[in-house]
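Enquirer: This one is entry.pdb, PDB, C-alpha atoms.
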ATOM      1  CA  MET D  17      58.400  -0.854 -32.225  1.00  0.00           C
ATOM      2  CA  THR D  18      54.573  -0.811 -31.999  1.00  0.00           C
ATOM      3  CA  ARG D  19      54.543  -4.444 -30.887  1.00  0.00           C
ATOM      4  CA  ARG D  20      57.113  -3.697 -28.180  1.00  0.00           C
ATOM      5  CA  ILE D  21      55.088  -0.749 -26.866  1.00  0.00           C
ATOM      6  CA  LEU D  22      51.896  -2.823 -26.787  1.00  0.00           C
ATOM      7  CA  ALA D  23      53.737  -5.576 -24.938  1.00  0.00           C
ATOM      8  CA  LEU D  24      55.043  -3.080 -22.376  1.00  0.00           C
ATOM      9  CA  ILE D  25      51.528  -1.714 -21.882  1.00  0.00           C
ATOM     10  CA  GLY D  26      50.111  -5.210 -21.388  1.00  0.00           C
ATOM     11  CA  ILE D  27      52.833  -6.161 -18.903  1.00  0.00           C
ATOM     12  CA  GLY D  28      52.304  -2.884 -17.072  1.00  0.00           C
ATOM     13  CA  LEU D  29      48.555  -3.447 -16.792  1.00  0.00           C
ATOM     14  CA  ILE D  30      49.061  -6.870 -15.228  1.00  0.00           C
ATOM     15  CA  GLY D  31      51.806  -5.699 -12.899  1.00  0.00           C
ATOM     16  CA  GLY D  32      49.933  -2.579 -11.851  1.00  0.00           C
ATOM     17  CA  PHE D  33      46.763  -4.456 -11.040  1.00  0.00           C
ATOM     18  CA  LEU D  34      48.721  -6.873  -8.865  1.00  0.00           C
ATOM     19  CA  SER D  35      50.517  -3.945  -7.257  1.00  0.00           C
ATOM     20  CA  GLY D  36      47.259  -2.537  -5.988  1.00  0.00           C
ATOM     21  CA  LEU D  37      45.696  -5.876  -5.119  1.00  0.00           C
ATOM     22  CA  PHE D  38      48.576  -7.367  -3.150  1.00  0.00           C
ATOM     23  CA  GLY D  39      50.477  -4.268  -2.037  1.00  0.00           C
ATOM     24  CA  ILE D  40      53.473  -5.287  -4.145  1.00  0.00           C
ATOM     25  CA  GLY D  41      55.291  -3.491  -6.910  1.00  0.00           C
ATOM     26  CA  GLY D  42      54.140  -5.994  -9.500  1.00  0.00           C
ATOM     27  CA  GLY D  43      57.721  -6.861 -10.415  1.00  0.00           C
ATOM     28  CA  ILE D  44      57.336 -10.405  -9.161  1.00  0.00           C
ATOM     29  CA  LEU D  45      55.346 -11.050 -12.338  1.00  0.00           C
ATOM     30  CA  MET D  46      56.519  -8.179 -14.552  1.00  0.00           C
ATOM     31  CA  VAL D  47      60.060  -9.577 -14.590  1.00  0.00           C
ATOM     32  CA  PRO D  48      58.991 -13.032 -15.882  1.00  0.00           C
ATOM     33  CA  LEU D  49      56.685 -11.416 -18.453  1.00  0.00           C
ATOM     34  CA  LEU D  50      59.458  -9.140 -19.698  1.00  0.00           C
ATOM     35  CA  ILE D  51      61.772 -12.124 -20.050  1.00  0.00           C
ATOM     36  CA  LEU D  52      59.260 -14.437 -21.710  1.00  0.00           C
ATOM     37  CA  ILE D  53      57.439 -11.919 -23.920  1.00  0.00           C
ATOM     38  CA  LEU D  54      60.073  -9.308 -24.788  1.00  0.00           C
ATOM     39  CA  LYS D  55      62.985 -11.784 -24.621  1.00  0.00           C
ATOM     40  CA  VAL D  56      65.184  -9.455 -22.580  1.00  0.00           C
ATOM     41  CA  ASP D  57      67.773 -10.888 -20.198  1.00  0.00           C
ATOM     42  CA  GLN D  58      67.331 -11.072 -16.434  1.00  0.00           C
ATOM     43  CA  ARG D  59      69.469  -7.986 -15.827  1.00  0.00           C
ATOM     44  CA  HIS D  60      67.530  -5.644 -18.100  1.00  0.00           C
ATOM     45  CA  ALA D  61      64.179  -7.126 -17.046  1.00  0.00           C
ATOM     46  CA  SER D  62      64.956  -6.379 -13.395  1.00  0.00           C
ATOM     47  CA  ALA D  63      66.002  -2.802 -14.183  1.00  0.00           C
ATOM     48  CA  LEU D  64      62.932  -2.129 -16.320  1.00  0.00           C
ATOM     49  CA  SER D  65      60.597  -3.702 -13.782  1.00  0.00           C
ATOM     50  CA  LEU D  66      61.945  -1.529 -10.975  1.00  0.00           C
ATOM     51  CA  ALA D  67      61.349   1.569 -13.128  1.00  0.00           C
ATOM     52  CA  GLY D  68      57.793   0.441 -13.819  1.00  0.00           C
ATOM     53  CA  VAL D  69      57.130  -0.003 -10.116  1.00  0.00           C
ATOM     54  CA  LEU D  70      57.300   3.736  -9.389  1.00  0.00           C
ATOM     55  CA  PRO D  71      54.094   5.074 -11.004  1.00  0.00           C
ATOM     56  CA  ALA D  72      52.072   2.112  -9.774  1.00  0.00           C
ATOM     57  CA  ALA D  73      53.384   2.524  -6.237  1.00  0.00           C
ATOM     58  CA  ILE D  74      52.482   6.224  -6.273  1.00  0.00           C
ATOM     59  CA  VAL D  75      48.926   5.667  -7.475  1.00  0.00           C
ATOM     60  CA  GLY D  76      48.399   2.607  -5.292  1.00  0.00           C
ATOM     61  CA  SER D  77      49.612   4.350  -2.134  1.00  0.00           C
ATOM     62  CA  ILE D  78      47.315   7.308  -2.828  1.00  0.00           C
ATOM     63  CA  THR D  79      44.371   4.916  -3.056  1.00  0.00           C
ATOM     64  CA  TYR D  80      45.264   3.286   0.256  1.00  0.00           C
ATOM     65  CA  ALA D  81      45.910   6.688   1.858  1.00  0.00           C
ATOM     66  CA  ALA D  82      42.451   7.870   0.814  1.00  0.00           C
ATOM     67  CA  SER D  83      40.941   5.069   2.882  1.00  0.00           C
ATOM     68  CA  GLY D  84      43.249   5.795   5.834  1.00  0.00           C
ATOM     69  CA  THR D  85      45.203   2.543   5.561  1.00  0.00           C
ATOM     70  CA  VAL D  86      48.799   3.826   5.484  1.00  0.00           C
ATOM     71  CA  ASP D  87      51.239   4.141   8.401  1.00  0.00           C
ATOM     72  CA  TYR D  88      53.365   7.102   7.244  1.00  0.00           C
ATOM     73  CA  LEU D  89      55.940   6.895  10.036  1.00  0.00           C
ATOM     74  CA  ALA D  90      56.631   3.204   9.500  1.00  0.00           C
ATOM     75  CA  GLY D  91      56.772   3.762   5.750  1.00  0.00           C
ATOM     76  CA  ALA D  92      59.343   6.528   6.197  1.00  0.00           C
ATOM     77  CA  PHE D  93      61.642   4.313   8.268  1.00  0.00           C
ATOM     78  CA  ILE D  94      61.394   1.488   5.735  1.00  0.00           C
ATOM     79  CA  ALA D  95      62.152   3.960   2.953  1.00  0.00           C
ATOM     80  CA  VAL D  96      65.354   5.128   4.675  1.00  0.00           C
ATOM     81  CA  GLY D  97      66.746   1.613   4.546  1.00  0.00           C
ATOM     82  CA  GLY D  98      65.222   0.999   1.119  1.00  0.00           C
ATOM     83  CA  ILE D  99      67.024   3.888  -0.540  1.00  0.00           C
ATOM     84  CA  VAL D 100      70.419   2.629   0.609  1.00  0.00           C
ATOM     85  CA  GLY D 101      69.534  -0.991  -0.104  1.00  0.00           C
ATOM     86  CA  ALA D 102      68.396  -0.199  -3.658  1.00  0.00           C
ATOM     87  CA  LEU D 103      71.762   1.400  -4.409  1.00  0.00           C
ATOM     88  CA  ILE D 104      73.506  -1.745  -3.206  1.00  0.00           C
ATOM     89  CA  GLY D 105      71.115  -4.044  -5.074  1.00  0.00           C
ATOM     90  CA  THR D 106      71.410  -2.241  -8.415  1.00  0.00           C
ATOM     91  CA  ARG D 107      75.196  -2.299  -8.119  1.00  0.00           C
ATOM     92  CA  LEU D 108      75.042  -6.058  -7.566  1.00  0.00           C
ATOM     93  CA  LEU D 109      72.693  -6.336 -10.552  1.00  0.00           C
ATOM     94  CA  ARG D 110      75.510  -5.176 -12.827  1.00  0.00           C
ATOM     95  CA  THR D 111      78.061  -7.616 -11.408  1.00  0.00           C
ATOM     96  CA  VAL D 112      76.293 -10.870 -10.456  1.00  0.00           C
ATOM     97  CA  PRO D 113      76.525 -13.461 -13.303  1.00  0.00           C
ATOM     98  CA  LEU D 114      73.334 -13.848 -15.338  1.00  0.00           C
ATOM     99  CA  GLY D 115      73.139 -17.557 -14.571  1.00  0.00           C
ATOM    100  CA  TRP D 116      73.058 -16.858 -10.860  1.00  0.00           C
ATOM    101  CA  LEU D 117      70.449 -14.127 -11.312  1.00  0.00           C
ATOM    102  CA  ARG D 118      68.138 -16.472 -13.211  1.00  0.00           C
ATOM    103  CA  TRP D 119      68.186 -19.203 -10.579  1.00  0.00           C
ATOM    104  CA  MET D 120      68.069 -16.792  -7.648  1.00  0.00           C
ATOM    105  CA  PHE D 121      64.898 -15.264  -9.076  1.00  0.00           C
ATOM    106  CA  VAL D 122      63.320 -18.697  -9.599  1.00  0.00           C
ATOM    107  CA  VAL D 123      63.997 -19.534  -5.933  1.00  0.00           C
ATOM    108  CA  LEU D 124      62.507 -16.186  -4.895  1.00  0.00           C
ATOM    109  CA  LEU D 125      59.327 -16.925  -6.863  1.00  0.00           C
ATOM    110  CA  LEU D 126      58.915 -20.325  -5.231  1.00  0.00           C
ATOM    111  CA  LEU D 127      59.431 -18.858  -1.745  1.00  0.00           C
ATOM    112  CA  VAL D 128      56.805 -16.219  -2.491  1.00  0.00           C
ATOM    113  CA  ALA D 129      54.350 -18.909  -3.623  1.00  0.00           C
ATOM    114  CA  VAL D 130      54.884 -20.868  -0.393  1.00  0.00           C
ATOM    115  CA  ARG D 131      54.429 -17.707   1.684  1.00  0.00           C
ATOM    116  CA  MET D 132      50.979 -17.142   0.199  1.00  0.00           C
ATOM    117  CA  PHE D 133      49.712 -20.268   1.996  1.00  0.00           C
ATOM    118  CA  ILE D 134      50.992 -19.234   5.418  1.00  0.00           C
ATOM    119  CA  GLU D 135      48.351 -17.693   7.657  1.00  0.00           C
ATOM    120  CA  LEU D 136      49.386 -14.316   9.033  1.00  0.00           C
ATOM    121  CA  PRO D 137      48.639 -13.423  12.672  1.00  0.00           C
ATOM    122  CA  ALA D 138      46.017 -10.938  13.839  1.00  0.00           C
ATOM    123  CA  ALA D 139      46.932  -7.260  14.084  1.00  0.00           C
ATOM    124  CA  THR D 140      48.573  -6.151  17.340  1.00  0.00           C
ATOM    125  CA  HIS D 141      50.511  -3.079  16.204  1.00  0.00           C
ATOM    126  CA  GLN D 142      50.375  -0.209  18.717  1.00  0.00           C
ATOM    127  CA  GLY D 143      52.784   2.292  17.153  1.00  0.00           C
ATOM    128  CA  VAL D 144      56.437   2.775  16.223  1.00  0.00           C
ATOM    129  CA  THR D 145      58.994   2.620  19.043  1.00  0.00           C
ATOM    130  CA  VAL D 146      62.736   3.309  18.951  1.00  0.00           C
ATOM    131  CA  VAL D 147      63.506  -0.400  18.649  1.00  0.00           C
ATOM    132  CA  SER D 148      60.875  -1.060  16.001  1.00  0.00           C
ATOM    133  CA  ALA D 149      62.070   2.003  14.050  1.00  0.00           C
ATOM    134  CA  LEU D 150      65.568   0.524  13.835  1.00  0.00           C
ATOM    135  CA  LEU D 151      64.124  -2.818  12.782  1.00  0.00           C
ATOM    136  CA  LEU D 152      62.009  -1.121  10.110  1.00  0.00           C
ATOM    137  CA  VAL D 153      65.121   0.563   8.696  1.00  0.00           C
ATOM    138  CA  ALA D 154      66.846  -2.841   8.652  1.00  0.00           C
ATOM    139  CA  LEU D 155      63.823  -4.336   6.882  1.00  0.00           C
ATOM    140  CA  GLY D 156      63.975  -1.552   4.309  1.00  0.00           C
ATOM    141  CA  LEU D 157      67.679  -2.209   3.730  1.00  0.00           C
ATOM    142  CA  VAL D 158      67.088  -5.894   3.027  1.00  0.00           C
ATOM    143  CA  VAL D 159      64.087  -5.176   0.820  1.00  0.00           C
ATOM    144  CA  GLY D 160      65.975  -2.433  -1.038  1.00  0.00           C
ATOM    145  CA  VAL D 161      68.769  -4.843  -1.924  1.00  0.00           C
ATOM    146  CA  ALA D 162      66.233  -7.389  -3.174  1.00  0.00           C
ATOM    147  CA  SER D 163      64.394  -4.699  -5.139  1.00  0.00           C
ATOM    148  CA  GLY D 164      67.525  -3.485  -6.866  1.00  0.00           C
ATOM    149  CA  LEU D 165      68.750  -6.989  -7.608  1.00  0.00           C
ATOM    150  CA  PHE D 166      65.500  -8.592  -8.754  1.00  0.00           C
ATOM    151  CA  GLY D 167      63.406  -5.614  -9.920  1.00  0.00           C
ATOM    152  CA  ILE D 168      60.634  -6.262  -7.404  1.00  0.00           C
ATOM    153  CA  GLY D 169      58.926  -3.511  -5.471  1.00  0.00           C
ATOM    154  CA  GLY D 170      59.511  -5.368  -2.244  1.00  0.00           C
ATOM    155  CA  GLY D 171      55.918  -5.760  -1.115  1.00  0.00           C
ATOM    156  CA  VAL D 172      56.203  -9.552  -1.156  1.00  0.00           C
ATOM    157  CA  LEU D 173      58.742  -9.146   1.640  1.00  0.00           C
ATOM    158  CA  ILE D 174      57.458  -6.029   3.408  1.00  0.00           C
ATOM    159  CA  VAL D 175      53.810  -7.027   3.820  1.00  0.00           C
ATOM    160  CA  PRO D 176      54.374 -10.385   5.564  1.00  0.00           C
ATOM    161  CA  ALA D 177      57.174  -8.853   7.668  1.00  0.00           C
ATOM    162  CA  LEU D 178      54.959  -5.994   8.847  1.00  0.00           C
ATOM    163  CA  VAL D 179      52.113  -8.354   9.687  1.00  0.00           C
ATOM    164  CA  SER D 180      54.134 -11.184  11.251  1.00  0.00           C
ATOM    165  CA  LEU D 181      56.912  -9.257  12.999  1.00  0.00           C
ATOM    166  CA  PHE D 182      55.310  -5.881  13.734  1.00  0.00           C
ATOM    167  CA  GLY D 183      51.640  -6.833  14.165  1.00  0.00           C
ATOM    168  CA  PHE D 184      50.245  -4.658  11.337  1.00  0.00           C
ATOM    169  CA  ASP D 185      46.772  -5.100   9.922  1.00  0.00           C
ATOM    170  CA  PRO D 186      47.259  -6.702   6.439  1.00  0.00           C
ATOM    171  CA  VAL D 187      45.553  -3.865   4.541  1.00  0.00           C
ATOM    172  CA  ILE D 188      47.589  -1.187   6.357  1.00  0.00           C
ATOM    173  CA  ALA D 189      50.711  -3.259   5.690  1.00  0.00           C
ATOM    174  CA  LYS D 190      49.926  -3.204   1.962  1.00  0.00           C
ATOM    175  CA  GLY D 191      49.374   0.558   1.892  1.00  0.00           C
ATOM    176  CA  THR D 192      52.516   1.225   3.931  1.00  0.00           C
ATOM    177  CA  SER D 193      54.494  -1.104   1.679  1.00  0.00           C
ATOM    178  CA  LEU D 194      53.438   0.780  -1.446  1.00  0.00           C
ATOM    179  CA  LEU D 195      54.375   4.111   0.118  1.00  0.00           C
ATOM    180  CA  SER D 196      57.869   2.906   1.046  1.00  0.00           C
ATOM    181  CA  MET D 197      58.431   1.610  -2.486  1.00  0.00           C
ATOM    182  CA  ILE D 198      58.349   5.097  -3.991  1.00  0.00           C
ATOM    183  CA  PRO D 199      61.769   6.363  -2.802  1.00  0.00           C
ATOM    184  CA  THR D 200      63.227   2.856  -3.108  1.00  0.00           C
ATOM    185  CA  SER D 201      62.214   2.652  -6.762  1.00  0.00           C
ATOM    186  CA  ILE D 202      63.520   6.155  -7.480  1.00  0.00           C
ATOM    187  CA  SER D 203      66.884   5.373  -5.901  1.00  0.00           C
ATOM    188  CA  GLY D 204      67.327   2.094  -7.771  1.00  0.00           C
ATOM    189  CA  THR D 205      66.078   3.386 -11.128  1.00  0.00           C
ATOM    190  CA  ILE D 206      68.445   6.367 -11.118  1.00  0.00           C
ATOM    191  CA  ASN D 207      71.334   3.994 -10.487  1.00  0.00           C
ATOM    192  CA  ASN D 208      70.169   1.639 -13.261  1.00  0.00           C
ATOM    193  CA  TRP D 209      69.782   4.549 -15.680  1.00  0.00           C
ATOM    194  CA  ARG D 210      73.314   5.654 -14.944  1.00  0.00           C
ATOM    195  CA  GLY D 211      74.448   2.092 -15.572  1.00  0.00           C
ATOM    196  CA  LYS D 212      72.628   2.069 -18.942  1.00  0.00           C
ATOM    197  CA  LEU D 213      70.380  -0.831 -17.946  1.00  0.00           C
ATOM    198  CA  VAL D 214      67.041   0.884 -18.522  1.00  0.00           C
ATOM    199  CA  LYS D 215      65.561   3.231 -21.148  1.00  0.00           C
ATOM    200  CA  PRO D 216      63.405   5.951 -19.565  1.00  0.00           C
ATOM    201  CA  ILE D 217      60.755   5.730 -22.309  1.00  0.00           C
ATOM    202  CA  ASP D 218      60.210   2.003 -21.707  1.00  0.00           C
ATOM    203  CA  GLY D 219      59.826   2.558 -17.985  1.00  0.00           C
ATOM    204  CA  LEU D 220      57.391   5.435 -18.628  1.00  0.00           C
ATOM    205  CA  VAL D 221      55.188   3.361 -20.949  1.00  0.00           C
ATOM    206  CA  MET D 222      55.026   0.310 -18.726  1.00  0.00           C
ATOM    207  CA  GLY D 223      54.819   2.335 -15.528  1.00  0.00           C
ATOM    208  CA  SER D 224      51.950   4.489 -16.809  1.00  0.00           C
ATOM    209  CA  ALA D 225      49.944   1.388 -17.702  1.00  0.00           C
ATOM    210  CA  ALA D 226      50.749  -0.072 -14.294  1.00  0.00           C
ATOM    211  CA  ALA D 227      49.619   3.109 -12.547  1.00  0.00           C
ATOM    212  CA  LEU D 228      46.296   3.015 -14.401  1.00  0.00           C
ATOM    213  CA  ALA D 229      45.643  -0.599 -13.457  1.00  0.00           C
ATOM    214  CA  SER D 230      46.640  -0.199  -9.799  1.00  0.00           C
ATOM    215  CA  PHE D 231      43.393   1.701  -9.005  1.00  0.00           C
ATOM    216  CA  PRO D 232      40.990  -1.237  -9.500  1.00  0.00           C
ATOM    217  CA  GLY D 233      43.516  -3.578  -7.883  1.00  0.00           C
ATOM    218  CA  ALA D 234      43.718  -1.517  -4.696  1.00  0.00           C
ATOM    219  CA  LEU D 235      39.930  -1.195  -4.535  1.00  0.00           C
ATOM    220  CA  LEU D 236      39.447  -4.931  -5.028  1.00  0.00           C
ATOM    221  CA  ALA D 237      41.925  -5.660  -2.212  1.00  0.00           C
ATOM    222  CA  HIS D 238      39.327  -4.450   0.288  1.00  0.00           C
ATOM    223  CA  VAL D 239      36.617  -6.896  -0.817  1.00  0.00           C
ATOM    224  CA  ILE D 240      38.188 -10.043  -2.302  1.00  0.00           C
ATOM    225  CA  PRO D 241      38.579 -13.047   0.067  1.00  0.00           C
ATOM    226  CA  ALA D 242      42.198 -13.215   1.190  1.00  0.00           C
ATOM    227  CA  ARG D 243      42.442 -16.989   0.807  1.00  0.00           C
ATOM    228  CA  LEU D 244      41.199 -16.916  -2.782  1.00  0.00           C
ATOM    229  CA  SER D 245      43.566 -14.135  -3.835  1.00  0.00           C
ATOM    230  CA  ASN D 246      46.501 -15.923  -2.190  1.00  0.00           C
ATOM    231  CA  VAL D 247      45.802 -19.176  -4.019  1.00  0.00           C
ATOM    232  CA  LEU D 248      45.399 -17.505  -7.411  1.00  0.00           C
ATOM    233  CA  PHE D 249      48.540 -15.454  -6.952  1.00  0.00           C
ATOM    234  CA  ALA D 250      50.532 -18.505  -5.836  1.00  0.00           C
ATOM    235  CA  ILE D 251      49.442 -20.424  -8.943  1.00  0.00           C
ATOM    236  CA  LEU D 252      50.598 -17.587 -11.200  1.00  0.00           C
ATOM    237  CA  VAL D 253      53.914 -17.317  -9.405  1.00  0.00           C
ATOM    238  CA  VAL D 254      54.615 -21.057  -9.603  1.00  0.00           C
ATOM    239  CA  ALA D 255      53.759 -21.079 -13.313  1.00  0.00           C
ATOM    240  CA  ALA D 256      56.191 -18.198 -13.870  1.00  0.00           C
ATOM    241  CA  ALA D 257      58.888 -19.967 -11.833  1.00  0.00           C
ATOM    242  CA  LEU D 258      58.554 -23.154 -13.893  1.00  0.00           C
ATOM    243  CA  GLN D 259      58.778 -21.214 -17.155  1.00  0.00           C
ATOM    244  CA  LEU D 260      61.878 -19.324 -16.022  1.00  0.00           C
ATOM    245  CA  ALA D 261      63.494 -22.468 -14.617  1.00  0.00           C
ATOM    246  CA  TRP D 262      63.084 -24.199 -17.975  1.00  0.00           C
ATOM    247  CA  ARG D 263      64.530 -21.185 -19.762  1.00  0.00           C
ATOM    248  CA  ALA D 264      67.437 -20.944 -17.302  1.00  0.00           C
ATOM    249  CA  TRP D 265      68.202 -24.628 -17.824  1.00  0.00           C
ATOM    250  CA  LYS D 266      68.361 -24.163 -21.602  1.00  0.00           C
ATOM    251  CA  LEU D 267      70.583 -21.092 -21.235  1.00  0.00           C
ATOM    252  CA  ARG D 268      72.840 -22.551 -18.525  1.00  0.00           C
ATOM    253  CA  ALA D 269      75.788 -22.922 -20.909  1.00  0.00           C
ATOM    254  CA  LYS D 270      75.620 -19.224 -21.798  1.00  0.00           C
ATOM    255  CA  GLY D 271      75.891 -18.009 -18.148  1.00  0.00           C
TER     256      GLY D 271
END
How would this structure read if it were set down as structure tokens?

Expert:
Amino acid sequence: MTRRILALIGIGLIGGFLSGLFGIGGGILMVPLLILILKVDQRHASALSLAGVLPAAIVGSITYAASGTVDYLAGAFIAVGGIVGALIGTRLLRTVPLGWLRWMFVVLLLLVAVRMFIELPAATHQGVTVVSALLLVALGLVVGVASGLFGIGGGVLIVPALVSLFGFDPVIAKGTSLLSMIPTSISGTINNWRGKLVKPIDGLVMGSAAALASFPGALLAHVIPARLSNVLFAILVVAAALQLAWRAWKLRAKG
């Protein structure tokens, strides 16, 4: 039991730091760590990761808000779609075959790694319009489904979408992303708890560690060179994808 708690704390620290640094929920790496270190299956890892996202997202968004780098209106519209999407995603999590989940997550990791090398355009955002509000809700819906299904906070999708499609400044996109993750994580975690996929105590332990580590991550995001952080993160993601792909190949007969 002590070893499991220490492992959850360690995974939470890594995920929380990345949550603050990249404006993501940390699940993109917490899920692989849960699978490889705690030996849980993809389904339970996704559910636990989504629960751990919540405290880190709260603390991280507060840090960004303190520096005035959060768009509350845009975050609210994303959250509307995210709440509904998370309910759909967590329902799919209970029904999609484990074999499919494993390979779908590997593909997601590789796409994220590729995205880190794509230069994002300069900020041109002038405010939320009626059309952009509807698009933000749609973005939240898509991200919510992905969050519920894969246990990710959704920042890996929200941040590049806000910058590329809506013209947000990257730092504001990260802060807004973290804010929108809060209701999305709550919605998905409640559904996973009802489905008996996550133990509240595990989520509390890992999430608390993640929340603690998100402070230095969010502060570092304002000073670290973007290119360097992207390369390092991409390397970690590819390494995780290769590990999970090898594991999925060995478990392919078990579905």

Enquirer: Which residues would end up in the selection if the PyMOL selection byres ((chain D and resi 203) around 8) were applied here, given that I need the answer as a PyMOL selection string?

Expert: chain D and resi 99-100+102-103+199-202+204-207

Enquirer: Check which residues satisfy the PyMOL selection byres ((chain D and resi 51-67) around 9) in the file shown, then give them as a VMD selection string.

Expert: chain D and resid 20 23 to 24 27 to 28 41 to 44 46 to 50 68 to 71 106 109 to 110 114 to 115 117 to 118 121 163 to 169 201 to 202 204 to 206 208 to 209 213 to 216 218 to 220 222 to 223 259 to 260 263

Enquirer: Given the file shown, determine the residues that the PyMOL selection byres ((chain D and resi 87-92) around 8) selects; report them as a PDB file with C-alpha atoms, in the frame of the given file.

Expert:
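Heads up, here's the output in part_38.pdb:
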ATOM      1  CA  THR D  85      45.203   2.543   5.561  1.00  0.00           C
ATOM      2  CA  VAL D  86      48.799   3.826   5.484  1.00  0.00           C
ATOM      3  CA  PHE D  93      61.642   4.313   8.268  1.00  0.00           C
ATOM      4  CA  ILE D  94      61.394   1.488   5.735  1.00  0.00           C
ATOM      5  CA  ALA D  95      62.152   3.960   2.953  1.00  0.00           C
ATOM      6  CA  VAL D  96      65.354   5.128   4.675  1.00  0.00           C
ATOM      7  CA  VAL D 144      56.437   2.775  16.223  1.00  0.00           C
ATOM      8  CA  ALA D 149      62.070   2.003  14.050  1.00  0.00           C
ATOM      9  CA  LEU D 152      62.009  -1.121  10.110  1.00  0.00           C
ATOM     10  CA  ILE D 188      47.589  -1.187   6.357  1.00  0.00           C
ATOM     11  CA  ALA D 189      50.711  -3.259   5.690  1.00  0.00           C
ATOM     12  CA  GLY D 191      49.374   0.558   1.892  1.00  0.00           C
ATOM     13  CA  THR D 192      52.516   1.225   3.931  1.00  0.00           C
ATOM     14  CA  SER D 193      54.494  -1.104   1.679  1.00  0.00           C
ATOM     15  CA  LEU D 195      54.375   4.111   0.118  1.00  0.00           C
ATOM     16  CA  SER D 196      57.869   2.906   1.046  1.00  0.00           C
TER      17      SER D 196
END

Enquirer: For atom CA of Gly32 of chain D and atom CA of Leu236 of chain D, determine how far apart the two atoms are, in Å to one decimal place.

Expert: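 Separation of atom CA of Gly32 of chain D and atom CA of Leu236 of chain D: 12.7 Å.
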
Enquirer: List the neighbours of segment 244-251 of chain D out to 12 Å using all atoms listed in the file; skip same-chain residues closer than 3 positions along the sequence, and give me the result as a PDB file with C-alpha atoms, in the frame of the given file.

Expert:
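Here's the written file out.pdb:
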ATOM      1  CA  ILE D  30      49.061  -6.870 -15.228  1.00  0.00           C
ATOM      2  CA  GLY D  31      51.806  -5.699 -12.899  1.00  0.00           C
ATOM      3  CA  PHE D  33      46.763  -4.456 -11.040  1.00  0.00           C
ATOM      4  CA  LEU D  34      48.721  -6.873  -8.865  1.00  0.00           C
ATOM      5  CA  SER D  35      50.517  -3.945  -7.257  1.00  0.00           C
ATOM      6  CA  LEU D  37      45.696  -5.876  -5.119  1.00  0.00           C
ATOM      7  CA  PHE D  38      48.576  -7.367  -3.150  1.00  0.00           C
ATOM      8  CA  ILE D  40      53.473  -5.287  -4.145  1.00  0.00           C
ATOM      9  CA  GLY D  42      54.140  -5.994  -9.500  1.00  0.00           C
ATOM     10  CA  ILE D  44      57.336 -10.405  -9.161  1.00  0.00           C
ATOM     11  CA  LEU D  45      55.346 -11.050 -12.338  1.00  0.00           C
ATOM     12  CA  LEU D 125      59.327 -16.925  -6.863  1.00  0.00           C
ATOM     13  CA  LEU D 126      58.915 -20.325  -5.231  1.00  0.00           C
ATOM     14  CA  LEU D 127      59.431 -18.858  -1.745  1.00  0.00           C
ATOM     15  CA  VAL D 128      56.805 -16.219  -2.491  1.00  0.00           C
ATOM     16  CA  ALA D 129      54.350 -18.909  -3.623  1.00  0.00           C
ATOM     17  CA  VAL D 130      54.884 -20.868  -0.393  1.00  0.00           C
ATOM     18  CA  ARG D 131      54.429 -17.707   1.684  1.00  0.00           C
ATOM     19  CA  MET D 132      50.979 -17.142   0.199  1.00  0.00           C
ATOM     20  CA  PHE D 133      49.712 -20.268   1.996  1.00  0.00           C
ATOM     21  CA  ILE D 134      50.992 -19.234   5.418  1.00  0.00           C
ATOM     22  CA  GLU D 135      48.351 -17.693   7.657  1.00  0.00           C
ATOM     23  CA  LEU D 136      49.386 -14.316   9.033  1.00  0.00           C
ATOM     24  CA  VAL D 172      56.203  -9.552  -1.156  1.00  0.00           C
ATOM     25  CA  GLY D 233      43.516  -3.578  -7.883  1.00  0.00           C
ATOM     26  CA  LEU D 236      39.447  -4.931  -5.028  1.00  0.00           C
ATOM     27  CA  ALA D 237      41.925  -5.660  -2.212  1.00  0.00           C
ATOM     28  CA  HIS D 238      39.327  -4.450   0.288  1.00  0.00           C
ATOM     29  CA  VAL D 239      36.617  -6.896  -0.817  1.00  0.00           C
ATOM     30  CA  ILE D 240      38.188 -10.043  -2.302  1.00  0.00           C
ATOM     31  CA  PRO D 241      38.579 -13.047   0.067  1.00  0.00           C
ATOM     32  CA  VAL D 254      54.615 -21.057  -9.603  1.00  0.00           C
ATOM     33  CA  ALA D 255      53.759 -21.079 -13.313  1.00  0.00           C
ATOM     34  CA  ALA D 256      56.191 -18.198 -13.870  1.00  0.00           C
ATOM     35  CA  ALA D 257      58.888 -19.967 -11.833  1.00  0.00           C
ATOM     36  CA  LEU D 258      58.554 -23.154 -13.893  1.00  0.00           C
TER      37      LEU D 258
END

Enquirer: Using only C-alpha atoms, which of the listed residues (D:Val221, D:Leu252, D:Val122, D:Leu181) sits closest to Thr18 of chain D?

Expert: D:Val221

Enquirer: I'd like the interatomic distance between atom CA of Gly183 of chain D and atom CA of Ala82 of chain D, to a tenth of an Å.

Expert: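 Here the two named atoms are 21.9 Å from each other.
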
Enquirer: Would you compute, for all listed atoms of segment 173-181 of chain D, the axis-aligned bounding box grown by 3 Å on each side, and then report its centre and edge lengths in Å rounded to one decimal, as JSON?

Expert:
{"center_x": 55.4, "center_y": -8.6, "center_z": 7.3, "size_x": 12.6, "size_y": 11.2, "size_z": 17.4}

Enquirer: With distances taken over all atoms listed in the file, which of D:Trp265, D:Ile198, D:Thr140, D:Leu157 is nearest to Leu178 of chain D?

Expert: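 Using all atoms listed in the file, Leu178 of chain D sits closest to D:Thr140.
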
Enquirer: Interatomic distance between atom CA of Gly101 of chain D and atom CA of Val161 of chain D?

Expert: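 Here the two named atoms are 4.3 Å from each other.
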
Enquirer: Calculated over all atoms listed in the file, which of the candidates D:Leu267, D:Ile217, D:Leu124, D:Leu150 has the smallest distance to Leu173 of chain D?

Expert: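 Among the listed residues, the smallest separation from Leu173 of chain D belongs to D:Leu124.
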